[in-house]
Amino acid sequence: MPLRLQIKKELTARSDRVKSVDIYPAEHPWVLSALYSGNVYIWDYSNNTLIKSFEMGTNPVRCARFIVRKNWIIAGTDDMKLRVYNYNTMEKVKEWDAHTDYIRFIEVHPNRPYVLSSSDDMSIKLWDWDRDFECIQVFEGHGHYVMMVKINPRDTNTFASASLDKTIKVWGLTANTPHFSLDGPGAHEKGVNCIDYYPGGDKPYLLSGADDRTVKIWDYQTKACLQTLEGHSHNVSSVCFHPRLPMIISASEDGTVRLWHSTTYRPETTLNYGLERAWCIAATKDANKIAIGYDEGTVVLKLGNEKPVASLDTNSGKLVWAQGHDIQTMSVKGLSKETELVDGERLTLHMRDLGACEVYPQQVSHNSNGSFIVVCGDGEYIIYTSQALRNKAFGSALDFVWSSQGTGDYAIRESTSRVRTFKNFKEHKQISLPIASADGIYGGVCLAIRGPDCVVFFDWEDGTFIRKIDVVPQAIYWNEAGDSLVIVCSDCFYSLRYDAEVVGAALAAGNINPDEGVDGSFELLSTTNERAHTGQWVGECFLYTNSAGKLNYLVGGEVMTLCHLSHPMYLLGYVPKEDRAFLVDKTYNVHSYKLLLSMLSYQSAVVRQDFVTANSLLPLIPKSEYPAVARFLESQGFKQEALQVTTDLDHKFELAVDLRHMAIAHAVLIEATAKAEAQELESTEMQGKWRKLGDLALSNGDIPLAEQCAQRSADLSGLLLLYTSAGNKPGMVELATTAREAGRFNVAFLAYFLTGQVEEAIQLLIDANRIPEAAFMARTYMPSQISRVLEIWKRDLKTINEKAAEALADPVKYPNLFPDLSWALKVEELFLSARHNHVAASAYPDAKGDLNLDLIAMVKAQWEAKEVAEVEQQNESAEAEAIAMSLANANIQDDNNEDEAEEQAEEQEEDDIVESEEKAYSAPASPARSPVAAPAPASPLPTPPASPVRTPEVVVQEQVMPPSPPKKEEEVVAEEEEEEEELNLDDIADDNEGEEDEVVDLSVGEEEQDQVEQEQGEATQKDVLDEDFEDGEDW
């Protein structure tokens, strides 16, 4: 029977002629291509991209290989040189002349620091890279070009070589002559191009391909040709045994690649991708991949399924797998007791060989109780006992499935039209198919048969049709209770409930729809939109691996992630006694992950909302798993319960924030911060949590807590918002200093500016090398700083453009270029004197209009108004003084009139006295005199009596001086007015004390003064005349 391998193309990379290919093992999805054009490429076949390229020159590169242990590639070119490069750093490690003709092939020793090279110079050389690629052995013996060499995997001290001299020779590493040659009966008729050893340890086979268009299988122990494979129409250029599959692969210059069964030697398939001649083939033991080099590029193929052929009995913990034809068993039971298992680490298992299988295993599975295993392959099945590999039953079948009910109950698919069931290892029923063809079968509680567009379920007992579901499954998994199942499709899987009671009643009553089956037998529970690669039911949870590399489980329609897988793994099963899930990768390494059954039971109870059961199961779960329980409760919407359960501080904080429990969140953060500080951990995460709590506190109006959170999280922007909103000036001043020290210049600048510290803001701009901004800020807000900042700006600008620096104008030197600068300085003085004044926030509605004031214009207007007011005040004072003076003058005039009347009366009396005296003197009048006598001067004093006659001199000396004549009325009035004015001036001076600028001149006018002086002069002249007259009279 054919292997029925699905062949999938992984990479198609067009290029020049490819003479050699090599696949990187396991770690990287790389393929190495050596080109005839002189380049070497490394392709990533997972995403079809070229990741590295090495240019070796213009000469063809006929072979290139990975040296994985050293991170190297080695290549041989037609300039007879070998070159070594580091494929990580792309650096050349070594280059040397290796042969005297073209280098045909390079082989890397699997465990020694050796490299073998073969050449057209008919020699083979052994190089040791630990000795700087010293040639430690030369092998000669061929009579033509040596096309290829291969090391024997069973005995790495020997290797074989193929030559165009039609022979295959086997050598030892320590001898320079061959042990023997394969050139006997059945040998190739033309030159041999390629060879390969059988990878297993059970067959001493050697494979060869030649220009005679044939592929031969040799037994190198008997030196006999066992088989000749024919089918190519041109030279066979490359052959290989696949290290994982029972497959022989050959490539030919006819452009085809043929696949042959390595046991039966029958041809399986022929591949032709239209890329002209095929030159080389490479395979890897880590995957079912092969790489092929063509004239026009490189192709990578995936053959079949890379899932390991293995089965785990979850009851006993026995693991069975097949490697090649060998069946091995091991136990995972008790591993957690022997050693402390770490999730994801590779397990060390003690394997035991059960024996070799007669067919090539493609499927291995245990029955329901683990007593038997079935091995399927090559179109046959064999049932063995699981302990000793004794044959129990066998037969031909395309597919085989176990029933979940009986020990020996199973079903087989013999063809697309025939499915049979067996009961206790004996044939029981042949299923009557209601569909066109049976493309696959699945076991479990019911037998499921996949059709072209649906799946049909049958009863195991009598083969009765139960239900048809219109999906095309790739796998079906049943739980142990038999009431739930998962149908896995190509891009999603469905969780369904199976009602056995409804089915039993329908079967008993015969009430079955021939087209749809039993109505109500299956109920859809949920649909999950991801591909489940492998899976198993654990209680009411479905555990599975997906295409994203996660180990998930489905419970109650919710998907929970158990872990992220480091590389592709396949689920073997869950062992309840170990509380661990076991997985295997494609290299047969077993890994495990902890999954508590009590946890799964608790989660199932929560999903059912059976909280009584859930609360009873919670104490059975270890405290270390409480964080996982809390996350599950949160996913189900029970955040309050999750907050009570969780012991993870981070999760507890998130839950407290979501539930707006600020006190709990605050306490958790304080505890977490203390732990982080004790462990000297990075505080970035903690700062983010403090900021989150601060946002919550701010939204709830808890300003003190918000401020504390902002301080803890170094959220200077948040503090700026808080302080500006609350009007906290001391906080703003402190924030400015803190922000400046922390290098948060934007926050510091705003804090300085808002608190009126303009000098600090300007200096901050200067320190931050924002000198032009500092200059413009000084010009706008503090003109007294212009010159200082301008000088700094000039010095800085001179280093770039001296002319531009000189063009900057200083207001000290060019005041004409700075209009209103003096007014700006006055505004600055007002600002400095008032910047510490407190303005309440409640005053904002009234004060907000002041923000758009033109301060310079306002100060100018105020100054002009003040001058006008002073002038008006002076005018008013002058008017008041004038009115007061008028009133004083009127009073003086009245007094003067009264005095004048009295004086006139007195004068009249005096005149009368004088007249009487004159009469007395004039009684003895002399006849010589004129009858008219001159009037005597008025005097208040009486005239003395006449004295005896004396000499004139004596008379003059003894004469008594007459009294001064009385002042005229005008003189008296003028003197009184002057005294009154002096009194009035003194009063006015007292009233206007302190007003230095308002001095009013109250003195007599110039015309009045001239009149007084003139009158005084006339009076004096008259007095002199009177005296002269008296002297003359005496005389």
# chains A, B, ... in the order shown; residues from 1 in each chain; ligands from 1
>>> residues_around(residues="A:Gly718", least_positions_apart="4", cutoff="10 Å", atoms="only C-alpha atoms", output="compact mmCIF listing (two decimals) with N, CA and C atoms, in the first residue's frame")
# COMPACT_ATOMS: atom_id res chain seq x y z
N ARG A 691 0.95 56.35 38.77
CA ARG A 691 0.27 57.29 37.88
C ARG A 691 -1.17 56.84 37.61
N GLY A 694 -3.14 57.60 40.62
CA GLY A 694 -3.34 59.05 40.67
C GLY A 694 -4.46 59.51 39.76
N ASP A 695 -4.54 58.93 38.56
CA ASP A 695 -5.64 59.27 37.66
C ASP A 695 -6.99 58.90 38.27
N LEU A 698 -7.74 61.35 41.05
CA LEU A 698 -8.13 62.65 40.49
C LEU A 698 -9.55 62.60 39.96
N ALA A 706 -4.09 62.11 44.93
CA ALA A 706 -3.59 62.35 43.57
C ALA A 706 -2.22 63.03 43.60
N GLU A 707 -2.06 63.98 44.53
CA GLU A 707 -0.76 64.65 44.64
C GLU A 707 0.32 63.67 45.10
N CYS A 709 0.38 60.44 44.65
CA CYS A 709 0.67 59.52 43.54
C CYS A 709 1.54 60.20 42.48
N ALA A 710 1.24 61.46 42.21
CA ALA A 710 2.04 62.18 41.21
C ALA A 710 3.48 62.33 41.69
N GLN A 711 3.67 62.58 42.99
CA GLN A 711 5.02 62.69 43.53
C GLN A 711 5.74 61.35 43.47
N SER A 713 5.22 58.89 41.43
CA SER A 713 5.46 58.48 40.06
C SER A 713 6.31 59.46 39.28
N ALA A 714 6.76 60.52 39.95
CA ALA A 714 7.54 61.57 39.29
C ALA A 714 6.79 62.15 38.10
N LEU A 722 -2.17 69.80 38.99
CA LEU A 722 -2.77 69.89 40.32
C LEU A 722 -2.50 71.25 40.96
N TYR A 723 -1.24 71.66 40.95
CA TYR A 723 -0.88 72.89 41.64
C TYR A 723 -1.50 74.11 40.98
N THR A 724 -1.54 74.13 39.68
CA THR A 724 -2.16 75.27 39.00
C THR A 724 -3.66 75.30 39.23
N VAL A 747 8.30 71.85 32.09
CA VAL A 747 7.53 72.00 33.32
C VAL A 747 8.15 73.09 34.20
>>> atom_distance(atom1="atom CA of A:Ile124", atom2="atom CA of A:Tyr85")
21.9 Å
>>> residues_around(residues="A:Ala736", least_positions_apart="4", cutoff="9 Å", atoms="only C-alpha atoms", output="PyMOL selection string")
chain A and resi 731-732+740-741+745+747-752
>>> closest_atom_pairs(of="stretch 470-545 of chain A", to="stretch 381-404 of chain A", cutoff="10 Å", atoms="only C-alpha atoms", output="CSV")
residue,atom,partner,partner_atom,distance
A:Trp478,CA,A:Ser404,CA,8.8
A:Asn479,CA,A:Ser404,CA,9.7
A:Glu480,CA,A:Ser404,CA,8.4
A:Gly482,CA,A:Ser404,CA,8.6
>>> closest_residue(among="A:Tyr102, A:Tyr294, A:Trp43, A:Phe180", to="A:Leu82", atoms="only C-alpha atoms")
A:Tyr102
>>> select_by_dssp(residues="stretch 759-794 of chain A", states="alpha helix (DSSP H)", output="list in words")
Glu759, Glu760, Ala761, Ile762, Gln763, Leu764, Leu765, Ile766, Asp767, Ile771, Pro772, Glu773, Ala774, Ala775, Phe776, Met777, Ala778, Arg779, Thr780, Tyr781, Ile786, Ser787, Arg788, Val789, Leu790, Glu791, Ile792, Trp793 and Lys794 of chain A
>>> residues_around(residues="stretch 175-179 of chain A", least_positions_apart="2", cutoff="12 Å", atoms="only C-alpha atoms", output="compact mmCIF listing (two decimals) with N, CA and C atoms, in the first residue's frame")
# COMPACT_ATOMS: atom_id res chain seq x y z
N SER A 123 41.58 13.25 -6.05
CA SER A 123 42.00 13.03 -4.68
C SER A 123 40.90 13.46 -3.71
N ILE A 124 41.04 12.96 -2.49
CA ILE A 124 40.18 13.34 -1.37
C ILE A 124 41.09 13.81 -0.25
N LYS A 125 40.73 14.94 0.38
CA LYS A 125 41.58 15.49 1.44
C LYS A 125 40.77 15.67 2.70
N LEU A 126 41.44 15.46 3.84
CA LEU A 126 40.84 15.59 5.16
C LEU A 126 41.45 16.81 5.84
N ILE A 136 45.32 16.89 7.06
CA ILE A 136 45.94 15.83 7.86
C ILE A 136 45.94 14.49 7.13
N GLN A 137 45.26 14.39 5.99
CA GLN A 137 45.28 13.12 5.24
C GLN A 137 44.86 13.38 3.81
N VAL A 138 45.50 12.67 2.88
CA VAL A 138 45.14 12.71 1.46
C VAL A 138 44.84 11.29 1.02
N PHE A 139 43.67 11.13 0.37
CA PHE A 139 43.21 9.81 -0.07
C PHE A 139 43.25 9.78 -1.60
N GLU A 140 44.04 8.84 -2.12
CA GLU A 140 44.17 8.71 -3.58
C GLU A 140 43.96 7.25 -3.98
N GLY A 141 43.32 7.08 -5.12
CA GLY A 141 43.04 5.71 -5.57
C GLY A 141 42.06 5.67 -6.73
N HIS A 142 41.31 6.75 -6.92
CA HIS A 142 40.37 6.78 -8.04
C HIS A 142 41.11 7.13 -9.33
N ASN A 157 34.19 6.53 11.38
CA ASN A 157 35.61 6.45 11.00
C ASN A 157 35.79 6.01 9.56
N THR A 158 34.68 5.72 8.90
CA THR A 158 34.74 5.28 7.51
C THR A 158 33.89 6.19 6.64
N PHE A 159 34.21 6.25 5.39
CA PHE A 159 33.42 7.01 4.43
C PHE A 159 33.51 6.36 3.07
N ALA A 160 32.61 6.72 2.18
CA ALA A 160 32.57 6.19 0.83
C ALA A 160 32.75 7.33 -0.16
N SER A 161 33.22 6.99 -1.35
CA SER A 161 33.43 7.99 -2.39
C SER A 161 32.89 7.46 -3.71
N THR A 167 33.29 3.45 -10.11
CA THR A 167 33.44 2.68 -8.88
C THR A 167 33.00 3.49 -7.67
N ILE A 168 32.71 2.74 -6.60
CA ILE A 168 32.43 3.30 -5.28
C ILE A 168 33.46 2.68 -4.34
N LYS A 169 34.20 3.51 -3.64
CA LYS A 169 35.24 3.02 -2.76
C LYS A 169 34.91 3.39 -1.31
N VAL A 170 35.28 2.52 -0.40
CA VAL A 170 35.08 2.73 1.03
C VAL A 170 36.44 2.89 1.67
N TRP A 171 36.58 3.97 2.49
CA TRP A 171 37.86 4.35 3.06
C TRP A 171 37.75 4.41 4.60
N GLY A 172 38.90 4.43 5.22
CA GLY A 172 39.01 4.74 6.64
C GLY A 172 39.74 6.06 6.81
N LEU A 173 39.40 6.82 7.86
CA LEU A 173 39.99 8.13 8.04
C LEU A 173 41.49 8.07 8.31
N SER A 181 36.23 -1.75 -2.86
CA SER A 181 35.48 -1.05 -3.91
C SER A 181 34.23 -1.85 -4.25
N LEU A 182 33.15 -1.13 -4.59
CA LEU A 182 31.92 -1.76 -5.04
C LEU A 182 31.88 -1.63 -6.56
N TYR A 220 27.00 -2.93 1.72
CA TYR A 220 28.44 -2.75 1.71
C TYR A 220 29.18 -3.78 2.56
N GLN A 221 28.43 -4.59 3.28
CA GLN A 221 29.09 -5.68 3.99
C GLN A 221 29.33 -6.87 3.08
N LYS A 223 29.04 -6.49 -0.22
CA LYS A 223 29.48 -5.87 -1.48
C LYS A 223 28.60 -6.26 -2.64
>>> residues_around(residues="A:Glu578", least_positions_apart="3", cutoff="9 Å", atoms="only C-alpha atoms", output="list of chain:residue names")
A:Gly317, A:Val332, A:Lys333, A:Gly334, A:Leu335, A:Ser336, A:Lys337, A:Tyr574, A:Val575, A:Ala581, A:Lys594, A:Leu595, A:Leu596
>>> atom_distance(atom1="atom CA of A:Ile800", atom2="atom CA of A:Glu773")
17.2 Å
